[in-house]
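Peer 1: Following this message is one structure expressed as structure tokens.
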Amino acid sequence: MAVIGEYDVIVVGAGHAGCEAAWASSRMGYETLLVTIHLETIAQMSCNPAVGGLAKGHLVREIDALGGLMGRITDETGIQFRLLNSTRGAAVQAPRAQCDKAKYRLMMKHWLENTPHLTIFQAIVTEIMVRDGKVKGIRTLDGSEFIGRAVILTPGTFLNGLIHIGLQSYPAGRANEPPSLELSQCLRRLGLKIIRLKTGTPMRLDRHTIDWSYFTPQPGDEEPVPFSFWTKKKLENKIVCYLGYTNEKTHEIIRRNLDKSPLYSGKIKGIGPRYCPSIEDKVVKFPHHNRHQFFLEPEGIDTAEIYVNGLSSSLPLEVQMEILKSIPGLDQAKILRPAYGIEYDAVLPTQLKPNLEVLEIENLFLAGQINGTSGYEEAAAQGLMAGINACLKLRGEPPFILRRDQAYIGVLIDDLISRGVEEPYRLFTSRAEYRLNLRIDNADQRLTPYGYKLGLISEDDYRLFLEKKERLQRAMVFLESQKISIPESGILTLKNYLKMPKVFFNDVIKYAAQLKELSPEERRFLEAEIKYEGYLKKQQREIEELSKVDEVRIPPNFNFQEVPGLTREAIEKLAKFNPSTLGEAKRIPGITPAAIINLLVYFKKKKPESNKKDHLDVSRET
Amino acid sequence: MNREIDLASTIVAIATPPGVGALGIIRISGPAALEIASKIFQGKHELSPWHLVQGNLFDFESGEFFDEATAVYFPASRSYTREDMVELICHGSPVILEEVVRLALKAGARMAHPGEFTLRAYLNGRIDLLQAEAVNDLIRATSLRQARLSFYQLNGRLSRKIDGLRESLIYILSQIEAAIEFPDEGILLDKEQIRKKIKEVIGELDKLIESHNLGEAMMRGVTLALVGRANVGKSTLFNALLEKDRAIVSPFPGTTRDYLEEKIKIDDLIFNLVDMAGLGKPDHPVEEEGIRRGRQLASQAEGLLIILDNSQPLCDADLEILSLARDKKAIFVLNKIDLPAQIEREKLNALAGGSKLIEVSALFRLNLDKLKRSIAEVFSPALNKNYENVIFHWREKAALERTKEALTQVLEKQNGGYSDEIIAEELRLAADTLGQLTGEIKSEEIINAIFSEFCIGK
Ligand SMILES: Nc1nc2c(ncn2[C@@H]2O[C@H](COP(=O)(O)OP(=O)(O)OP(=O)(O)O)[C@@H](O)[C@H]2O)c(=O)[nH]1
Ligand SMILES: [Mg+2]
């Protein structure tokens with residue numbers, strides 16, 4: 001077979017994970033090949049036309065802070081922007097944007113096409129070549145071979161995808177796009193444990209056939225908040241979304257047709273996400289709700305397609321049409337694309353190392369939906385981390401691993417590799433133990449220095465970051481020293497004033513006009529740091545305490561049999577995962593606290609054998 | 001004490017109490033339990049899971065047998081420690097038992113630390129921390145009632161209660177989290193409902209915290225100081241309550257100079273009685289020191305028995321002593337009622353105020369039962385409450401109090417208009433603190449705390 005080319009890194013799949021991975025590795029100077037089935041569908045938003053939301057918006061900020069692309073491209077192609085939870089505290093505020101899907105794709109493609117060291121190629125990958133437990137490259141449908149020192153696999157829902165509409169099903173990766181059957185088989189052959197998951201997408205309607213007067217407009221924010229720390233242009237809302245409700249009639253139709261649902265007739269075997277239920281799920285699980293809400297979201301400016309967020313379904317097309325008929329305002333609506341459910345293969349992510357490398361296959365990295373996640377943002381975050389870590393591996397440097405207290409990215413990857421998944425995994429802010437510190441306003445403070453060191457942040461951007469950092473420090477000193485006098489509380493510093501509940505940054509500005517120069521993002525940061533100060537300090541102490549155990553180092557290729565008291569099972573697991581710290585060992589599934597204690601005792605003090613005393617000191621068991 | 005946790009070695013200990021008994025039991029637990037036991041014990045059959053095997057004890061050094069014994073092998077899957085375990089039952093002579101232990105040590109075992117079998121059961125996940133404590137309590141039970149409560153605790157009754165409270169908190173938390181995570185779903189938080197639920201949990205916590213008073217009285221005892229002027233009959237009353245001649249009694253004031261402490265049991269409760277020098281004007285430097293210590297003891301005690309002499313008028317010293325009752329629970333004991341009354345009763349009644357006044361004759365043992373009943377009622381008010389769960393340990397009480405504190409914060413912060421994620425933070429803290437009660441291993445700090453727990457119980 002013909003070897004067509006040789007690369008440092010080959011990325012298979014150009015979805016949200018693949019794009020970030022390819023961007024990172026080429027940006028870090030490695031010759032990278034990005035292979036995709038269709039050049040037209042690079043960075044396709046297969047489901048809803050939105051980026052961000054709670055935890056997801058946090059992820060995008062983190063990706064951005066590290067030098068990834070998702071935030072910048074969302075800002076470029078967003079058509080409506082909202083900051084969610086704006087009435088709650090900073091830690092749980094997150095941006096969300098409706099994007100123009102077509103523009104998003106084009107913008108990403110354009111960006112990647114102009115990235116040095118990156119080659120894009122259209123092909124169907126059928127095989128990952130592995131020799132002696134190490135990845136060698138890929139083979140495509142026509143038999144061409146590409147040699148790669150590292151391979152990052154990001155096939156999304158294409159692995160053995162099976163689309164269901166009613167009781168009909170056909171193999172596909174996305175509607176009418178061919179699935180990857182060979183690749184899934186190849187992974188099985190390589191010995192990976194595969195799980196079956198399910199997700200779904202709602203119908204797309206023709207905007208001209210909707211009577212909009214029946215729905216409540218949901219406009220964007222007056223002052224849109226950008227995703228990227230480096231976006232300077234003013235963002236504009238170009239569209240409005242609408243809110244509507246189903247009714248008893250709708251539910252009646254669904255109940256009557258449940259036997260035609262692949263899910264309820266038992267045809268679908270995969271497990272679907274609880275947090276993103278199909279409309280039939282909602283009707284069945286909440287029989288006492290007499291209505292369910294949905295949103296009508298335009299898929300772009302130049303298209304008539306309207307995404308019906310909330311009506312995901314795998315019922316037959318004729319039932320979908322009947323459902324629409326039952327909803328005033330949609331009764332004349334024409335379906336442009338039917339809703340469908342899709343089952344696909346994923347790799348049980350407990351088979352990965354924290355750097356997203358497959359345990360058993362050196363230099364093979366997995367990212368995105370293949371690891372059991374759902375969502376563009378989760379995929380992009382993993383893609384970025386896989387791209388970075390593939391390069392670090394090739395460089396022979398230690399992996400870049402974010403801890404749970406450092407980033408949502410750390411929470412995400414740690415959850416995946418230590419717990420595995422049973423349903424498509426979605427990130428929530430409540431999954432983070434240290435939520436008050438993992439904020440959108442400090443993502444750059446937390447992560448940009450890493451991004452710069454890794455070579456993902458340009459000198460110009462980094463300079464802006466440093467300037468901002470200094471501005472924030474100056475402002476903080478000012479707030480700590482400047483005193484004011486207010487009627488009920490007497491004389492106090494601006495900082496202590498801001499600490500009071502129901503006092504916000506705008507109230508402080510009344511007393512100190514020079515703070516006006518701070519951007520909204522900077523104000524959010526200062527307000528959060530001050531309001532959460534007590535909690536943040538406490539958490540910091542806790543983190544330090546925990547990291548004392550977590551940071552105990554385990555020498556490379558350590559023989560775990562040397563540690564007395566470990567069960568055979570524990571020794572096998574440890575040998576397989578080869579953790580470099582006790583913290584990593586702790587996260588290996590099936591490793592018990594008792595095993596950790598054994599390791600801790602062994603590594604902290606290799607104490608001399610003092611057990612075999614000759615004299616008798618009999619103590620009694622109590 | 002900060003001892004290393006080590007699950008690697010095989011441990012051995014005598015399980016039966018010291019002294020000669022008809023039978024004695026030796027326990028061996030750990031990876032090499034079977035191997036070590038097989039060296040010391042030669043059975044008629046091979047040791048197999050859960051079978052009682054008869055055989056002889058064998059000194060593998062001298063090659064001689066030294067006792068008959070039976071042995072049971074418990075494989076790790078279902079043993080007490082969740083490790084391989086062997087129990088050897090032989091005759092109860094200390095010489096034999098110690099010989100078995102000596103041989104086990106020779107064969108590679110190590111002496112078990114106090115509580116280590118239970119510690120291992122905990123670390124290996126067989127029981128939680130509350131249950132582990134219950135084991136200790138059960139072994140040391142001083143009354144059937146305490147034993148019963150500890151038994152239920154060992155069976156997980158308290159753990160279930162705590163888990164239930166924790167679940168309530170997590171349920172409340174999940175409502176708040178849902179509103180935070182899905183801001184577009186129009187989830188409205190019913191603040192009043194949340195407050196009500198939290199108050200319910202606080203109410204349950206209060207009950208548990210309050211029960212510690214009873215638990216304490218059952219386990220450690222409540223310390224009561226006998227205070228009064230010299231010669232009022234403190235030592236006589238002390239002896240009478242103990243029902244033995246423990247303290248020296250004499251007609252001369254200043255007889256008791258150092259203090260004496262003894263336990264008495266009233267119902268299921270333990271009281272530590274402290275007899276001491278009479279408080280008043282010292283006649284002698286030794287007495288002076290006794291008085292100083294007496295005052296100190298009185299101030300440290302959890303309650304006071306203030307003793308007065310019926311046959312003497314009230315004097316300044318009496319009045320000063322009476323005033324001690326101002327900051328402590330106290331019972332007034334009017335002693336020597338067999339003698340003609342000289343004390344000004346009107347005045348005394350007025351001074352006693354709300355405190356109980358019991359008339360006794362320590363010498364003739366009059367009214368002592370009444371005094372005992374009053375002691376139980378006054379110093380352990382929780383006695384007659386029928387608690388489902390009783391908290392026996394400070395660790396538990398402290399965790400419950402911390403949880404309550406966090407929940408109080410939740411209520412306050414909610415009132416103060418703080419944002420939902422801060423409320424959630426406090427709720428999480430409360431749930432975590434409750435979780436620590438049953439002993440989730442979270443950090444080295446907690447691991448260390450477990451150590452010391454097991455050392456407190458010895
Ligand atoms: N009649 C009568 N005499 C009593 C009674 N209680 C104690 N006494 C006598 O009072 C004297 C003093 O008794 P103690 O018990 O030594 O008095 P105390 O308060 O311990 O005295 P100090 O140790 O000196 O402070 C002894 O002679 C006792 O026999 C009583 O109830 N009735
Ligand atoms: Mg005396």
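Scheme for the structure tokens: letters A, B, ... for chains in order shown; per-chain residue numbers from 1; ligand numbers from 1 in order shown.
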Kindly compile the residues surrounding ligand 1 within 10 Å, counting only C-alpha atoms and all ligand atoms, and format them as a VMD selection string.
Peer 2: chain B and resid 226 to 240 247 to 259 275 to 280 287 290 to 291 307 to 311 334 to 340 359 to 366
Peer 1: As an MDAnalysis selection string, please: every residue in stretch 90-301 of chain A that a backbone DSSP assignment puts in strand (DSSP E).
Peer 2: chainID A and resid 94:99 118:122 125:131 134:140 145:153 162:165 168:171 194:201 204:206 216:218 241:245 293:298
Peer 1: For chain A, work out the contacting residues on chain B at 8 Å, counting only C-alpha atoms, and write them as a VMD selection string.
Peer 2: chain B and resid 4 to 9 13 to 18 31 98 101 to 102 105 to 106 108 to 117 123 to 124 136 139 177 180 to 183 185 416 to 421 441 to 445 458
Peer 1: Would you mind listing what lies within 7 Å of B:Tyr122 as a short mmCIF file (atom, residue, chain, number, x, y, z; two decimals) with C-alpha atoms, in the first residue's frame, with only C-alpha atoms counted and same-chain residues fewer than 6 positions away left out?
Peer 2:
data_model
loop_
_atom_site.label_atom_id
_atom_site.label_comp_id
_atom_site.auth_asym_id
_atom_site.auth_seq_id
_atom_site.Cartn_x
_atom_site.Cartn_y
_atom_site.Cartn_z
CA ASP B 128 -18.47 2.99 58.56
CA LEU B 129 -16.93 5.18 61.19
CA ALA B 132 -16.63 1.28 64.25
#
Peer 1: Nearest to ligand 2: which of B:Leu214, B:Ile343, B:Ile26, B:Leu260 is it, counting only C-alpha atoms and all ligand atoms?
Peer 2: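 Of B:Leu214, B:Ile343, B:Ile26, B:Leu260, the one nearest ligand 2 is B:Leu260, counting only C-alpha atoms and all ligand atoms.
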Peer 1: Counting only C-alpha atoms, what is within 8 Å of stretch 321-324 of chain A, bar same-chain residues fewer than 6 positions away, as a list in words?
Peer 2: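 Non-adjacent residues within range: Thr250, Ile253, Ile254, Leu330, Asp331, Gln332, Ala333 and Ile335 of chain A.
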Peer 1: Compile the contact shell of B:Glu388 as a list in words: residues with an atom at most 12 Å away, counting only C-alpha atoms, same-chain residues fewer than 6 positions apart removed.
Peer 2: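 Contacts, with the query itself left out: Arg145, Gln146, Arg148, Leu149, Ser150, Tyr152, Gln153, Arg157, Leu158, Arg160, Lys161, Glu204, Lys207, Leu208, Ser211 and Gly215 of chain B.
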Peer 1: Can you pull out every residue from stretch 349-409 of chain B that DSSP, working from the backbone, puts in helix (DSSP H, G or I), and format the result as a count of residues only?
Peer 2: 36
Peer 1: Quick one: everything within 6 Å of A:Thr77, counting only C-alpha atoms, minus sequence neighbours fewer than 2 positions away in the same chain. Send it as a ChimeraX atom specification.
Peer 2: /A:74-75,99-100,103-104
Peer 1: Could you list, as a list in words, every residue within 8 Å of B:Gln175, counting only C-alpha atoms and ignoring same-chain residues fewer than 4 positions away?
Peer 2: Tyr171, Ala179 and Leu189 of chain B
Peer 1: Kindly indicate which residue among B:Asp327, B:Asp245, B:Asp318, B:Glu412 lies nearest to ligand 2, using only C-alpha atoms and all ligand atoms for the distances.
Peer 2: B:Asp245
Peer 1: When you draw a straight line from atom CA of A:Glu222 to atom CA of A:Gly78, how long is it in Å?
Peer 2: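 Result for atom CA of A:Glu222 versus atom CA of A:Gly78: 14.5 Å, one decimal.
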Peer 1: Just the number, please: distance in Å from atom CA of A:Lys233 to atom CA of A:Ile301, one decimal.
Peer 2: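 Spanning atom CA of A:Lys233 to atom CA of A:Ile301 is a straight-line distance of 19.6 Å.
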Peer 1: Which is closest to ligand 2 among B:Ile40, B:Ala298, B:Val274, B:Ala33, if we use only C-alpha atoms and all ligand atoms?
Peer 2: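 The closest residue to ligand 2 is B:Val274.
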Peer 1: Interatomic distance between atom CA of B:Glu83 and atom CA of B:Gly55?
Peer 2: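 Separation between atom CA of B:Glu83 and atom CA of B:Gly55: 23.2 Å.
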